[in-house]
Every structure is written in structure tokens, then in C-alpha cells.
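Structure file query11.tsv (TSV, C-alpha atoms and all ligand atoms) is printed below.
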```tsv
chain	number	residue	atom	x	y	z
A	1	MET	CA	-31.35	-131.17	-105.27
A	2	SER	CA	-31.18	-134.96	-105.59
A	3	MET	CA	-34.29	-137.11	-105.18
A	4	SER	CA	-32.86	-138.74	-102.09
A	5	ALA	CA	-32.29	-135.44	-100.30
A	6	PRO	CA	-34.19	-135.24	-96.99
A	7	PRO	CA	-37.39	-133.19	-97.09
A	8	ARG	CA	-36.72	-129.64	-96.09
A	9	VAL	CA	-38.27	-127.52	-93.39
A	10	VAL	CA	-38.77	-123.91	-94.41
A	11	ILE	CA	-38.23	-121.35	-91.67
A	12	GLU	CA	-39.82	-117.94	-92.06
A	13	CYS	CA	-39.45	-114.79	-89.95
A	14	VAL	CA	-42.29	-112.34	-90.47
A	15	ARG	CA	-43.69	-109.35	-88.69
A	16	GLY	CA	-47.31	-109.78	-87.67
A	17	ASP	CA	-49.93	-110.90	-85.20
A	18	ILE	CA	-49.79	-114.53	-84.09
A	19	ALA	CA	-53.62	-114.56	-83.90
A	20	VAL	CA	-53.88	-113.73	-87.62
A	21	GLN	CA	-51.97	-116.54	-89.31
A	22	PRO	CA	-54.70	-118.36	-91.23
A	23	ASP	CA	-52.33	-120.34	-93.45
A	24	VAL	CA	-50.67	-122.38	-90.67
A	25	ASP	CA	-52.04	-125.47	-88.95
A	26	ALA	CA	-51.10	-124.43	-85.42
A	27	VAL	CA	-50.10	-121.32	-83.55
A	28	VAL	CA	-48.02	-121.38	-80.38
A	29	CYS	CA	-49.28	-119.48	-77.34
A	30	ALA	CA	-46.72	-117.97	-74.95
A	31	ALA	CA	-48.66	-119.16	-71.94
A	32	ASN	CA	-48.48	-119.15	-68.15
A	33	PRO	CA	-48.61	-122.46	-66.23
A	34	HIS	CA	-52.37	-122.10	-65.63
A	35	LEU	CA	-53.10	-121.46	-69.32
A	36	THR	CA	-55.18	-118.43	-68.45
A	37	THR	CA	-55.30	-115.47	-70.78
A	38	GLY	CA	-52.87	-112.61	-70.26
A	39	ALA	CA	-51.19	-109.78	-72.08
A	40	GLY	CA	-49.36	-109.99	-75.42
A	41	VAL	CA	-49.60	-113.30	-77.26
A	42	ALA	CA	-51.87	-115.06	-74.77
A	43	GLY	CA	-54.25	-112.10	-74.77
A	44	ALA	CA	-54.41	-111.97	-78.56
A	45	ILE	CA	-54.89	-115.72	-78.89
A	46	HIS	CA	-57.55	-116.07	-76.20
A	47	ARG	CA	-59.44	-113.01	-77.46
A	48	ALA	CA	-59.54	-114.36	-80.99
A	49	ALA	CA	-60.25	-117.96	-79.94
A	50	GLY	CA	-63.03	-117.16	-77.49
A	51	PRO	CA	-63.78	-118.70	-74.08
A	52	GLY	CA	-63.90	-122.26	-75.44
A	53	LEU	CA	-60.10	-122.24	-75.64
A	54	TYR	CA	-59.64	-121.77	-71.91
A	55	ARG	CA	-62.42	-124.28	-71.16
A	56	GLU	CA	-60.56	-126.92	-73.18
A	57	ALA	CA	-57.11	-125.95	-71.89
A	58	ALA	CA	-57.86	-125.59	-68.17
A	59	PRO	CA	-57.96	-129.34	-67.37
A	60	LEU	CA	-54.47	-129.68	-68.95
A	61	ALA	CA	-52.98	-127.19	-66.46
A	62	PRO	CA	-50.66	-126.75	-64.69
A	63	VAL	CA	-48.04	-126.94	-67.41
A	64	ARG	CA	-44.42	-126.98	-66.31
A	65	THR	CA	-41.95	-124.39	-67.59
A	66	GLY	CA	-40.42	-125.77	-70.77
A	67	ASP	CA	-43.36	-128.04	-71.50
A	68	ALA	CA	-46.33	-127.67	-73.89
A	69	VAL	CA	-49.87	-128.96	-74.46
A	70	ILE	CA	-52.06	-128.93	-77.54
A	71	THR	CA	-55.75	-128.02	-77.92
A	72	GLY	CA	-58.18	-127.10	-80.66
A	73	ALA	CA	-58.10	-123.57	-82.02
A	74	HIS	CA	-61.77	-122.62	-81.46
A	75	GLY	CA	-62.40	-119.19	-83.03
A	76	LEU	CA	-58.88	-118.93	-84.49
A	77	PRO	CA	-58.38	-119.68	-88.19
A	78	ASN	CA	-56.08	-122.63	-87.39
A	79	ARG	CA	-56.55	-126.26	-86.43
A	80	HIS	CA	-54.68	-126.19	-83.12
A	81	VAL	CA	-53.15	-124.02	-80.44
A	82	ILE	CA	-49.99	-125.29	-78.77
A	83	HIS	CA	-49.60	-123.71	-75.35
A	84	THR	CA	-46.07	-123.53	-73.99
A	85	VAL	CA	-44.69	-122.00	-70.81
A	86	GLY	CA	-41.43	-120.16	-71.38
A	87	PRO	CA	-38.91	-119.35	-68.64
A	88	VAL	CA	-39.19	-116.13	-66.67
A	89	TYR	CA	-35.81	-114.59	-67.45
A	90	GLY	CA	-33.61	-114.29	-64.36
A	91	ARG	CA	-35.76	-116.69	-62.35
A	92	ASP	CA	-36.17	-119.99	-64.20
A	93	GLU	CA	-32.85	-121.70	-64.87
A	94	PRO	CA	-31.29	-122.80	-67.09
A	95	ALA	CA	-33.08	-120.20	-69.20
A	96	ALA	CA	-31.71	-121.33	-72.58
A	97	GLY	CA	-32.39	-124.99	-71.82
A	98	LEU	CA	-35.96	-124.25	-70.81
A	99	LEU	CA	-36.63	-122.06	-73.85
A	100	ALA	CA	-35.15	-124.74	-76.12
A	101	SER	CA	-37.38	-127.27	-74.39
A	102	CYS	CA	-40.45	-125.13	-75.20
A	103	CYS	CA	-39.55	-125.11	-78.89
A	104	ARG	CA	-38.78	-128.83	-78.87
A	105	ARG	CA	-42.04	-129.80	-77.14
A	106	CYS	CA	-44.09	-127.61	-79.51
A	107	LEU	CA	-42.49	-129.22	-82.56
A	108	GLU	CA	-42.95	-132.70	-81.10
A	109	LEU	CA	-46.65	-132.07	-80.47
A	110	ALA	CA	-47.12	-130.58	-83.94
A	111	ASP	CA	-45.36	-133.50	-85.57
A	112	GLN	CA	-47.34	-136.06	-83.52
A	113	ALA	CA	-50.55	-134.34	-84.64
A	114	ARG	CA	-49.29	-134.65	-88.24
A	115	LEU	CA	-49.33	-130.91	-88.79
A	116	GLU	CA	-47.55	-129.41	-91.76
A	117	SER	CA	-47.01	-125.89	-90.43
A	118	VAL	CA	-46.65	-124.12	-87.10
A	119	ALA	CA	-46.20	-120.47	-86.16
A	120	PHE	CA	-44.23	-119.42	-83.07
A	121	PRO	CA	-44.14	-116.05	-81.33
A	122	ALA	CA	-40.92	-114.94	-79.64
A	123	ILE	CA	-41.60	-117.02	-76.52
A	124	SER	CA	-40.60	-115.40	-73.18
A	125	THR	CA	-39.47	-112.09	-74.73
A	126	GLY	CA	-42.39	-110.00	-73.48
A	127	VAL	CA	-43.76	-110.21	-69.94
A	128	TYR	CA	-41.15	-112.90	-69.13
A	129	GLY	CA	-38.24	-110.59	-70.01
A	130	TYR	CA	-35.97	-112.79	-72.14
A	131	PRO	CA	-33.61	-110.63	-74.29
A	132	VAL	CA	-34.79	-110.95	-77.89
A	133	ALA	CA	-31.42	-111.61	-79.55
A	134	GLU	CA	-30.60	-114.43	-77.14
A	135	ALA	CA	-34.08	-115.88	-77.46
A	136	ALA	CA	-33.82	-115.75	-81.26
A	137	ARG	CA	-30.54	-117.68	-81.23
A	138	VAL	CA	-31.86	-120.35	-78.87
A	139	SER	CA	-35.24	-120.78	-80.60
A	140	LEU	CA	-33.81	-120.92	-84.13
A	141	ALA	CA	-30.99	-123.26	-83.12
A	142	THR	CA	-33.55	-125.63	-81.62
A	143	VAL	CA	-35.77	-125.63	-84.69
A	144	LEU	CA	-32.77	-126.14	-86.97
A	145	GLU	CA	-31.49	-128.96	-84.82
A	146	LEU	CA	-34.82	-130.79	-84.80
A	147	ALA	CA	-35.85	-130.08	-88.39
A	148	PRO	CA	-34.18	-133.10	-89.99
A	149	GLY	CA	-36.06	-135.45	-87.63
A	150	LEU	CA	-39.54	-134.08	-88.26
A	151	HIS	CA	-41.90	-136.30	-90.22
A	152	HIS	CA	-44.78	-133.94	-90.93
A	153	VAL	CA	-43.83	-130.36	-90.07
A	154	ARG	CA	-42.45	-128.67	-93.17
A	155	ARG	CA	-42.91	-125.00	-92.35
A	156	VAL	CA	-42.03	-123.12	-89.18
A	157	ARG	CA	-42.87	-119.45	-89.03
A	158	PHE	CA	-41.66	-117.04	-86.38
A	159	VAL	CA	-44.17	-114.20	-86.07
A	160	LEU	CA	-42.59	-111.12	-84.53
A	161	TRP	CA	-44.60	-108.25	-83.21
A	162	SER	CA	-42.16	-105.47	-84.14
A	163	GLU	CA	-40.07	-104.89	-87.23
A	164	GLU	CA	-37.05	-104.60	-84.95
A	165	ASP	CA	-37.64	-108.07	-83.53
A	166	ARG	CA	-38.22	-109.46	-87.02
A	167	LYS	CA	-34.82	-108.13	-88.06
A	168	VAL	CA	-33.19	-109.70	-85.01
A	169	PHE	CA	-34.71	-113.09	-85.83
A	170	SER	CA	-33.89	-112.79	-89.56
A	171	ARG	CA	-30.29	-111.92	-88.77
A	172	ALA	CA	-29.98	-114.82	-86.34
A	173	LEU	CA	-31.35	-117.14	-89.02
A	174	GLU	CA	-28.90	-115.80	-91.60
A	175	GLU	CA	-26.03	-116.31	-89.16
A	176	ARG	CA	-26.92	-119.97	-88.92
A	177	GLY	CA	-26.74	-120.35	-92.69
A	178	THR	CA	-28.80	-122.86	-94.61
A	179	GLY	CA	-28.47	-126.27	-96.14
A	180	VAL	CA	-28.57	-128.80	-93.28
A	181	GLY	CA	-31.96	-130.32	-93.98
A	182	HIS	CA	-33.65	-126.99	-93.78
A	183	GLU	CA	-34.13	-123.94	-95.87
A	184	ALA	CA	-34.56	-120.37	-94.75
A	185	ALA	CA	-37.17	-118.19	-96.36
A	186	ARG	CA	-38.05	-114.68	-95.42
A	187	ARG	CA	-41.17	-112.91	-96.42
A	188	ASP	CA	-42.14	-109.31	-96.05
A	189	PRO	CA	-45.69	-109.41	-94.67
A	190	GLU	CA	-46.46	-106.04	-96.23
A	191	SER	CA	-45.71	-107.36	-99.71
A	192	GLY	CA	-48.26	-110.11	-99.20
B	1	LIG	N1	-48.48	-111.59	-82.01
B	1	LIG	C1	-47.15	-111.89	-82.02
B	1	LIG	N2	-46.29	-111.50	-81.06
B	1	LIG	C2	-46.80	-110.72	-80.07
B	1	LIG	C3	-48.16	-110.36	-79.99
B	1	LIG	C4	-49.02	-110.84	-81.02
B	1	LIG	N3	-50.34	-110.55	-81.05
B	1	LIG	N4	-48.35	-109.62	-78.88
B	1	LIG	C5	-47.14	-109.50	-78.29
B	1	LIG	N5	-46.21	-110.17	-79.01
B	1	LIG	C6	-44.77	-110.35	-78.73
B	1	LIG	C7	-44.18	-109.51	-77.61
B	1	LIG	O1	-43.77	-108.26	-78.15
B	1	LIG	C8	-43.00	-110.36	-77.19
B	1	LIG	O2	-41.87	-110.10	-78.03
B	1	LIG	O3	-44.58	-111.70	-78.28
B	1	LIG	C9	-43.44	-111.80	-77.44
B	1	LIG	C10	-43.81	-112.61	-76.21
B	1	LIG	O4	-44.47	-111.76	-75.28
B	1	LIG	P1	-45.58	-112.25	-74.23
B	1	LIG	O5	-46.85	-112.49	-74.92
B	1	LIG	O6	-45.56	-111.28	-73.11
B	1	LIG	O7	-45.05	-113.73	-73.75
B	1	LIG	P2	-43.99	-114.14	-72.61
B	1	LIG	O8	-42.87	-113.17	-72.48
B	1	LIG	O9	-43.67	-115.58	-72.90
B	1	LIG	O10	-44.80	-114.04	-71.26
B	1	LIG	C11	-45.82	-114.97	-70.96
B	1	LIG	O11	-47.42	-113.28	-70.52
B	1	LIG	O12	-49.53	-112.90	-71.41
B	1	LIG	C12	-48.83	-113.43	-70.34
B	1	LIG	O13	-50.23	-115.24	-69.61
B	1	LIG	C13	-49.00	-114.93	-70.23
B	1	LIG	O14	-48.03	-115.02	-68.06
B	1	LIG	C14	-47.80	-115.29	-69.42
B	1	LIG	C15	-46.73	-114.35	-69.93
```
Render the structure in this file as C-alpha cells.
Amino acid sequence: MSMSAPPRVVIECVRGDIAVQPDVDAVVCAANPHLTTGAGVAGAIHRAAGPGLYREAAPLAPVRTGDAVITGAHGLPNRHVIHTVGPVYGRDEPAAGLLASCCRRCLELADQARLESVAFPAISTGVYGYPVAEAARVSLATVLELAPGLHHVRRVRFVLWSEEDRKVFSRALEERGTGVGHEAARRDPESG
């Protein structure tokens, strides 16, 4: 690679728990507009962070679908939590545009905070019902599109709860290919 090549953003797809990602600066919470705890990702994040997270986040609510806000990470092993509200599939339209907006706003906030790394869950694919394969395509396309313009973020990790979802995300990433100011890296969490 030549010296003048743009810095690359590494994208990883791993299976794991978003609340146990100690080597990233920020984790993204798949939130509701009121930023209260919930099931899935929000439950795991708020449980691990403790009540201080909601106390800090509550004054920032309501958050519009497709938007995001950033707080401290409290009891989590990260510096920040970025709370984003994904679309409820079949209700909030345009679904792909809103999901892309979530990813974009999270990356913007991470970059503004000068963070080097951020971990995303599969936003909207649980309680909010977004089909995983479609969500993977939209989320990855958005990260790949924005990667060349990021000043600080150099690592984006998608943390998938099931091995099946990890494969879907990995395949979607492979389909996009590599080499446009980004680099794809996959890691098997079980191999360390
Ligand atoms: N780590 C990573 N991924 C997880 C975890 C976890 N600990 N727990 C669940 N997931 C996966 C789910 O399997 C799903 O694929 O994250 C994806 C997103 O699921 P949800 O957390 O249900 O998020 P979402 O679909 O965006 O719904 C948001 O759920 O918890 C409530 O308050 C929240 O109302 C909001 C809604």
C-alpha cells in the first residue's frame, strides 16, 4: 500500500455480547425513543452499565427514529454508549433509510468524540423485527460508504448474538468486497 493511501477502516463481524466488548471505545445500544432499558441489547447494556446510564440518558430523550445520542458508559468497560433508535419494521418508513440513518448518526457521533473503535449490534433485528439479511446489507453499505470520510474511527465491529446472524453479516460483507478505503477482517471470537 502506498504512503498516500487513505487510512483504512477495519470492519469485523463477530459473534458475542455487545455488553462484553472491552477493547472498543463505544458500544451502540439498540434503544427505544425514551432510552429506557428493554430486552435484548438494551437490557444487556443497561444491566451491565447500571442505573447511572439511564440517569444520564433520560434528559436526552426522546430520540427520533434514525437518530442517536451519546453518553458515558458507566459500569461498561467502554468509554461511551451511543444510543440509537432503529425503525420498527413494517411501521417506520422508509425502513432502509432510517436504519442507514442510525448507522450514519452513530458513526458521526463516534468520530466527533474522536473515538477509534465502535461496536454495533444488529440494530432493529430483534424486537423491532427487521429481517437480518436486509439489515446486514443496509448497515454494512452505510459503514462502507462513510468509512473514507471518517477522521478518527478506524475499527467498526458488528457484534452478532447468534452464529447464524454472524454468518449473514460476514457474507454480506464479503459480497461488498474490499479495497475502497476500508478493509474487512473477520475474527472467530472462540479463537480469541
Ligand atoms: N449482544 C448483541 N446482540 C444482542 C444481544 C446482546 N447482548 N442481545 C440480543 N441481541 C441481538 C438480537 O438477537 C437482535 O438480532 O441484537 C439484535 C437487536 O435486537 P434488540 O435488542 O431487540 O433491538 P431492536 O430490534 O432494535 O429493538 C429495540 O428493543 O430492548 C428493546 O428498548 C429496546 O424498544 C427497544 C427495542
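Among A:Cys13, A:Ala172, A:Cys102, A:Val127, the residue with the shortest atom-to-atom distance to ligand LIG 1 (chain B), counting all atoms listed in the file, is A:Val127.
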Note to self: Taking all atoms listed in the file into account, which residues have an atom no farther than 8 Å from ligand LIG 1 (chain B)? I'd like them as a ChimeraX atom specification.
What the structure shows: /A:15-19,29-33,35-45,85-88,121-130,132,159-162,165
Notebook entry, point to check: What is the distance between atom CA of Pro77 of chain A and atom CA of Ala136 of chain A, in Å to one decimal?
Noted result: 25.8 Å
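Relative to atom CA of Ala57 of chain A, atom CA of Ile70 of chain A is found at 8.1 Å.
From atom CA of His83 of chain A back to atom CA of Ala49 of chain A, the distance works out to 12.9 Å.
Excluding Val69 of chain A itself and any same-chain residue fewer than 3 positions from it, the protein and nucleic acid residues within 8 Å of it, counting only C-alpha atoms, are Leu60, Val63, Ile82, His83, Thr84, Cys106 and Leu109 of chain A.
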